[in-house]
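Chemist: File coords.pdb below, PDB, C-alpha atoms and all ligand atoms:
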ATOM      1  CA  MET A   8       0.000   0.000   0.000  1.00  0.00           C
ATOM      2  CA  ARG A   9       1.395   3.369  -0.970  1.00  0.00           C
ATOM      3  CA  ARG A  10       1.948   5.615   2.019  1.00  0.00           C
ATOM      4  CA  GLU A  11       4.065   8.427   0.729  1.00  0.00           C
ATOM      5  CA  ALA A  12       3.881  11.024  -1.979  1.00  0.00           C
ATOM      6  CA  VAL A  13       6.982  12.863  -3.011  1.00  0.00           C
ATOM      7  CA  VAL A  14       6.306  16.208  -4.471  1.00  0.00           C
ATOM      8  CA  GLN A  15       8.181  18.446  -6.839  1.00  0.00           C
ATOM      9  CA  ALA A  16       7.100  21.829  -8.060  1.00  0.00           C
ATOM     10  CA  LEU A  17       4.517  22.086  -5.336  1.00  0.00           C
ATOM     11  CA  LYS A  18       5.117  25.762  -4.835  1.00  0.00           C
ATOM     12  CA  THR A  19       3.833  26.280  -8.351  1.00  0.00           C
ATOM     13  CA  VAL A  20       0.607  24.609  -7.350  1.00  0.00           C
ATOM     14  CA  CYS A  21       0.335  26.525  -4.118  1.00  0.00           C
ATOM     15  CA  GLU A  22       1.054  29.930  -5.457  1.00  0.00           C
ATOM     16  CA  GLY A  23      -0.254  29.691  -8.980  1.00  0.00           C
ATOM     17  CA  LEU A  24      -2.823  27.226 -10.136  1.00  0.00           C
ATOM     18  CA  ALA A  25      -4.896  26.889  -6.994  1.00  0.00           C
ATOM     19  CA  ARG A  26      -5.577  30.600  -6.804  1.00  0.00           C
ATOM     20  CA  SER A  27      -8.928  31.661  -8.160  1.00  0.00           C
ATOM     21  CA  PRO A  28      -9.098  34.268 -10.879  1.00  0.00           C
ATOM     22  CA  ASN A  29      -9.641  37.838  -9.636  1.00  0.00           C
ATOM     23  CA  GLU A  30      -8.891  36.779  -6.064  1.00  0.00           C
ATOM     24  CA  SER A  31     -12.404  35.371  -5.850  1.00  0.00           C
ATOM     25  CA  ASN A  32     -13.293  32.417  -3.666  1.00  0.00           C
ATOM     26  CA  VAL A  33     -14.103  30.128  -6.556  1.00  0.00           C
ATOM     27  CA  GLU A  34     -12.733  26.591  -6.345  1.00  0.00           C
ATOM     28  CA  VAL A  35     -10.072  25.555  -8.841  1.00  0.00           C
ATOM     29  CA  SER A  36      -9.222  21.976  -9.721  1.00  0.00           C
ATOM     30  CA  GLY A  37      -6.631  20.211 -11.820  1.00  0.00           C
ATOM     31  CA  LEU A  38      -4.677  17.029 -12.312  1.00  0.00           C
ATOM     32  CA  LEU A  39      -1.476  15.866 -10.644  1.00  0.00           C
ATOM     33  CA  LEU A  40       1.071  14.285 -12.979  1.00  0.00           C
ATOM     34  CA  GLY A  41       3.971  12.050 -12.113  1.00  0.00           C
ATOM     35  CA  LYS A  42       5.125   8.485 -11.839  1.00  0.00           C
ATOM     36  CA  GLU A  43       5.273   5.613  -9.391  1.00  0.00           C
ATOM     37  CA  PHE A  44       8.392   4.325  -7.729  1.00  0.00           C
ATOM     38  CA  ALA A  45       8.884   1.610  -5.120  1.00  0.00           C
ATOM     39  CA  GLY A  46       6.643   2.501  -2.212  1.00  0.00           C
ATOM     40  CA  GLY A  47       5.744   5.926  -3.379  1.00  0.00           C
ATOM     41  CA  LEU A  48       4.523   8.349  -5.906  1.00  0.00           C
ATOM     42  CA  LEU A  49       6.567  11.146  -7.413  1.00  0.00           C
ATOM     43  CA  ILE A  50       4.401  14.080  -8.347  1.00  0.00           C
ATOM     44  CA  THR A  51       6.285  16.265 -10.767  1.00  0.00           C
ATOM     45  CA  SER A  52       3.784  18.697 -12.199  1.00  0.00           C
ATOM     46  CA  THR A  53       0.206  19.794 -12.384  1.00  0.00           C
ATOM     47  CA  VAL A  54      -2.100  20.729 -15.178  1.00  0.00           C
ATOM     48  CA  THR A  55      -5.379  22.546 -15.169  1.00  0.00           C
ATOM     49  CA  GLY A  56      -7.827  23.559 -17.843  1.00  0.00           C
ATOM     50  CA  LYS A  57     -11.423  24.302 -18.648  1.00  0.00           C
ATOM     51  CA  GLN A  58     -13.721  23.671 -15.709  1.00  0.00           C
ATOM     52  CA  THR A  59     -17.021  24.569 -14.151  1.00  0.00           C
ATOM     53  CA  SER A  60     -16.472  26.239 -10.817  1.00  0.00           C
ATOM     54  CA  SER A  61     -18.423  27.745  -7.990  1.00  0.00           C
ATOM     55  CA  GLU A  62     -17.659  28.544  -4.371  1.00  0.00           C
ATOM     56  CA  MET A  63     -18.708  25.044  -3.403  1.00  0.00           C
ATOM     57  CA  ARG A  64     -17.218  22.860  -6.089  1.00  0.00           C
ATOM     58  CA  SER A  65     -15.295  22.646  -9.314  1.00  0.00           C
ATOM     59  CA  LYS A  66     -15.455  20.060 -12.050  1.00  0.00           C
ATOM     60  CA  LEU A  67     -12.937  19.623 -14.842  1.00  0.00           C
ATOM     61  CA  ASP A  68     -14.398  19.736 -18.319  1.00  0.00           C
ATOM     62  CA  GLU A  69     -14.690  16.304 -19.953  1.00  0.00           C
ATOM     63  CA  ASP A  70     -13.104  17.634 -23.174  1.00  0.00           C
ATOM     64  CA  PHE A  71     -10.080  18.751 -21.181  1.00  0.00           C
ATOM     65  CA  MET A  72      -9.776  15.325 -19.540  1.00  0.00           C
ATOM     66  CA  ALA A  73     -10.059  13.667 -22.970  1.00  0.00           C
ATOM     67  CA  THR A  74      -7.362  15.957 -24.429  1.00  0.00           C
ATOM     68  CA  ILE A  75      -4.958  15.001 -21.637  1.00  0.00           C
ATOM     69  CA  ALA A  76      -5.733  11.295 -22.036  1.00  0.00           C
ATOM     70  CA  GLN A  77      -5.151  11.513 -25.813  1.00  0.00           C
ATOM     71  CA  ALA A  78      -1.807  13.280 -25.322  1.00  0.00           C
ATOM     72  CA  MET A  79      -0.716  10.435 -23.054  1.00  0.00           C
ATOM     73  CA  VAL A  80      -1.802   7.711 -25.436  1.00  0.00           C
ATOM     74  CA  ALA A  81      -0.071   9.515 -28.320  1.00  0.00           C
ATOM     75  CA  GLY A  82       3.154   9.649 -26.317  1.00  0.00           C
ATOM     76  CA  GLN A  83       3.232  13.453 -26.139  1.00  0.00           C
ATOM     77  CA  MET A  84       3.283  13.243 -22.361  1.00  0.00           C
ATOM     78  CA  VAL A  85       5.636  10.937 -20.508  1.00  0.00           C
ATOM     79  CA  GLU A  86       3.973  11.539 -17.155  1.00  0.00           C
ATOM     80  CA  ARG A  87       0.831   9.846 -15.991  1.00  0.00           C
ATOM     81  CA  ILE A  88      -2.232  11.220 -14.265  1.00  0.00           C
ATOM     82  CA  VAL A  89      -1.671  10.139 -10.672  1.00  0.00           C
ATOM     83  CA  GLY A  90      -4.116  12.342  -8.854  1.00  0.00           C
ATOM     84  CA  MET A  91      -6.070  15.529  -8.733  1.00  0.00           C
ATOM     85  CA  PHE A  92      -6.051  18.675  -6.668  1.00  0.00           C
ATOM     86  CA  HIS A  93      -8.723  21.196  -5.867  1.00  0.00           C
ATOM     87  CA  SER A  94      -8.839  24.296  -3.756  1.00  0.00           C
ATOM     88  CA  HIS A  95     -10.983  25.091  -0.752  1.00  0.00           C
ATOM     89  CA  PRO A  96     -10.509  28.856  -0.663  1.00  0.00           C
ATOM     90  CA  ASP A  97     -10.755  30.002   2.936  1.00  0.00           C
ATOM     91  CA  ILE A  98     -12.803  26.991   4.084  1.00  0.00           C
ATOM     92  CA  GLY A  99     -10.006  24.736   5.317  1.00  0.00           C
ATOM     93  CA  ILE A 100      -8.526  21.436   4.264  1.00  0.00           C
ATOM     94  CA  PHE A 101     -10.840  18.424   4.354  1.00  0.00           C
ATOM     95  CA  LEU A 102     -12.672  16.095   1.972  1.00  0.00           C
ATOM     96  CA  SER A 103     -16.376  16.746   1.485  1.00  0.00           C
ATOM     97  CA  GLN A 104     -18.764  13.845   0.877  1.00  0.00           C
ATOM     98  CA  GLN A 105     -18.739  14.759  -2.824  1.00  0.00           C
ATOM     99  CA  ASP A 106     -14.924  14.797  -2.785  1.00  0.00           C
ATOM    100  CA  VAL A 107     -14.872  11.265  -1.351  1.00  0.00           C
ATOM    101  CA  ARG A 108     -17.333  10.056  -4.027  1.00  0.00           C
ATOM    102  CA  THR A 109     -15.159  11.591  -6.779  1.00  0.00           C
ATOM    103  CA  PHE A 110     -12.079  10.079  -5.147  1.00  0.00           C
ATOM    104  CA  ALA A 111     -13.655   6.589  -5.067  1.00  0.00           C
ATOM    105  CA  ASN A 112     -14.535   6.835  -8.776  1.00  0.00           C
ATOM    106  CA  PHE A 113     -10.986   7.746  -9.797  1.00  0.00           C
ATOM    107  CA  CYS A 114      -9.577   4.961  -7.636  1.00  0.00           C
ATOM    108  CA  ARG A 115     -11.605   2.440  -9.622  1.00  0.00           C
ATOM    109  CA  LEU A 116      -9.600   3.534 -12.683  1.00  0.00           C
ATOM    110  CA  TYR A 117      -6.271   3.779 -10.875  1.00  0.00           C
ATOM    111  CA  PRO A 118      -5.989   2.418  -7.312  1.00  0.00           C
ATOM    112  CA  GLY A 119      -2.981   4.596  -6.518  1.00  0.00           C
ATOM    113  CA  PHE A 120      -4.850   7.813  -7.261  1.00  0.00           C
ATOM    114  CA  VAL A 121      -4.213  10.608  -4.753  1.00  0.00           C
ATOM    115  CA  MET A 122      -6.196  13.707  -3.964  1.00  0.00           C
ATOM    116  CA  MET A 123      -4.745  16.983  -2.790  1.00  0.00           C
ATOM    117  CA  VAL A 124      -6.814  19.689  -1.153  1.00  0.00           C
ATOM    118  CA  ILE A 125      -5.309  23.139  -0.870  1.00  0.00           C
ATOM    119  CA  ASP A 126      -6.487  26.294   0.821  1.00  0.00           C
ATOM    120  CA  PRO A 127      -4.578  28.996  -1.043  1.00  0.00           C
ATOM    121  CA  LEU A 128      -5.976  31.724   1.203  1.00  0.00           C
ATOM    122  CA  ARG A 129      -4.737  30.206   4.433  1.00  0.00           C
ATOM    123  CA  PRO A 130      -2.391  32.845   5.841  1.00  0.00           C
ATOM    124  CA  ARG A 131       0.007  30.493   7.621  1.00  0.00           C
ATOM    125  CA  GLY A 132       0.602  26.899   8.553  1.00  0.00           C
ATOM    126  CA  GLU A 133      -0.214  23.918   6.417  1.00  0.00           C
ATOM    127  CA  ARG A 134      -1.940  25.004   3.236  1.00  0.00           C
ATOM    128  CA  TYR A 135      -2.420  21.596   1.681  1.00  0.00           C
ATOM    129  CA  LYS A 136      -2.886  17.925   2.455  1.00  0.00           C
ATOM    130  CA  PHE A 137      -2.685  14.778   0.369  1.00  0.00           C
ATOM    131  CA  PHE A 138      -5.080  11.881   0.753  1.00  0.00           C
ATOM    132  CA  ARG A 139      -5.180   8.282  -0.444  1.00  0.00           C
ATOM    133  CA  TYR A 140      -8.277   6.149  -0.703  1.00  0.00           C
ATOM    134  CA  ASP A 141      -8.675   2.706   0.816  1.00  0.00           C
ATOM    135  CA  ALA A 142     -11.089   0.707  -1.332  1.00  0.00           C
ATOM    136  CA  TYR A 143     -11.536  -1.955   1.356  1.00  0.00           C
ATOM    137  CA  THR A 144     -12.676   0.361   4.113  1.00  0.00           C
ATOM    138  CA  ARG A 145     -14.108   2.856   1.613  1.00  0.00           C
ATOM    139  CA  SER A 146     -12.452   5.716   3.394  1.00  0.00           C
ATOM    140  CA  ALA A 147      -9.839   8.355   2.693  1.00  0.00           C
ATOM    141  CA  HIS A 148      -6.661   8.677   4.729  1.00  0.00           C
ATOM    142  CA  LEU A 149      -3.922  11.249   5.026  1.00  0.00           C
ATOM    143  CA  LEU A 150      -0.860  10.578   2.932  1.00  0.00           C
ATOM    144  CA  THR A 151       2.607  11.491   4.140  1.00  0.00           C
ATOM    145  CA  VAL A 152       4.313  14.024   1.909  1.00  0.00           C
ATOM    146  CA  ARG A 153       7.971  14.675   1.393  1.00  0.00           C
ATOM    147  CA  GLU A 154       8.771  17.807  -0.501  1.00  0.00           C
ATOM    148  CA  LEU A 155      11.783  17.979  -2.790  1.00  0.00           C
ATOM    149  CA  GLU A 156      13.580  21.273  -3.171  1.00  0.00           C
TER     150      GLU A 156
HETATM  151 ZN    ZN B   1     -13.564  19.757  -1.901  1.00  0.00          ZN
END
I need this file expressed as structure tokens, please.
Ligand SMILES: [Zn+2]
Modeler:
Amino acid sequence: MRREAVVQALKTVCEGLARSPNESNVEVSGLLLGKEFAGGLLITSTVTGKQTSSEMRSKLDEDFMATIAQAMVAGQMVERIVGMFHSHPDIGIFLSQQDVRTFANFCRLYPGFVMMVIDPLRPRGERYKFFRYDAYTRSAHLLTVRELE
């Protein structure tokens, strides 16, 4: 069972992608890209695109997801989709019931899928957490993160 995610380029996620346009409190979501290694997951970059967003949720556009999948199949991307992130602007870091349902669906496609929740407006302290999903207990658990410089 994977218990660690190693993260590169996370500052880009924290300070760029997860921030809503116009400093609004709209949720932003995107995909985490990377690769597996023994006992862990190396997350190397993130990608985001067209999505439907509100203050309560965000959903990536299916065309965007298809474009990414096609690029992978065509060999234009060497990384794999290993997870997704979404922001909880100013509401704290947790998984909502809808988040857990989404998480469970992705884990059916790829059991190692991870979910990152980030609060880009949090002034100090931990601004993000990673979660893994346990299909046997049908519950999400915190994932240890090691950040590479
Ligand atoms: Zn959420």
Chemist: I'd like the contact shell of Glu69 in chain A - 10 Å cut-off, all atoms listed in the file, skipping same-chain residues fewer than 6 positions apart - returned as a list in words.
Modeler: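 Selected residues are Lys57, Gln58 and Ile75 of chain A.
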Chemist: Could you list the protein, DNA and RNA residues that have any atom within 6 Å of ligand ZN 1 (chain B), counting all atoms listed in the file, and write them as a ChimeraX atom specification?
Modeler: /A:102-103,106
Chemist: For Asp68 in chain A, find every residue with an atom within 12 Å (counting only C-alpha atoms), except residues of its own chain fewer than 6 positions away, and show them as a ChimeraX atom specification.
Modeler: /A:35-38,55-60,74-75
Chemist: Just give me the gap between CA of Leu150 in chain A and CA of Phe44 in chain A in Å, one decimal is fine.
Modeler: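 For CA of Leu150 in chain A relative to CA of Phe44 in chain A, the distance reads 15.4 Å.
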Chemist: Name the residues that the PyMOL selection byres (((chain A and resi 149) around 9) and not hetatm) picks from the file above, as a list in words, using the file's chain letters and numbers.
Modeler: Arg10, Lys136, Phe137, Phe138, Arg139, Tyr140, Ala147, His148, Leu150 and Thr151 of chain A
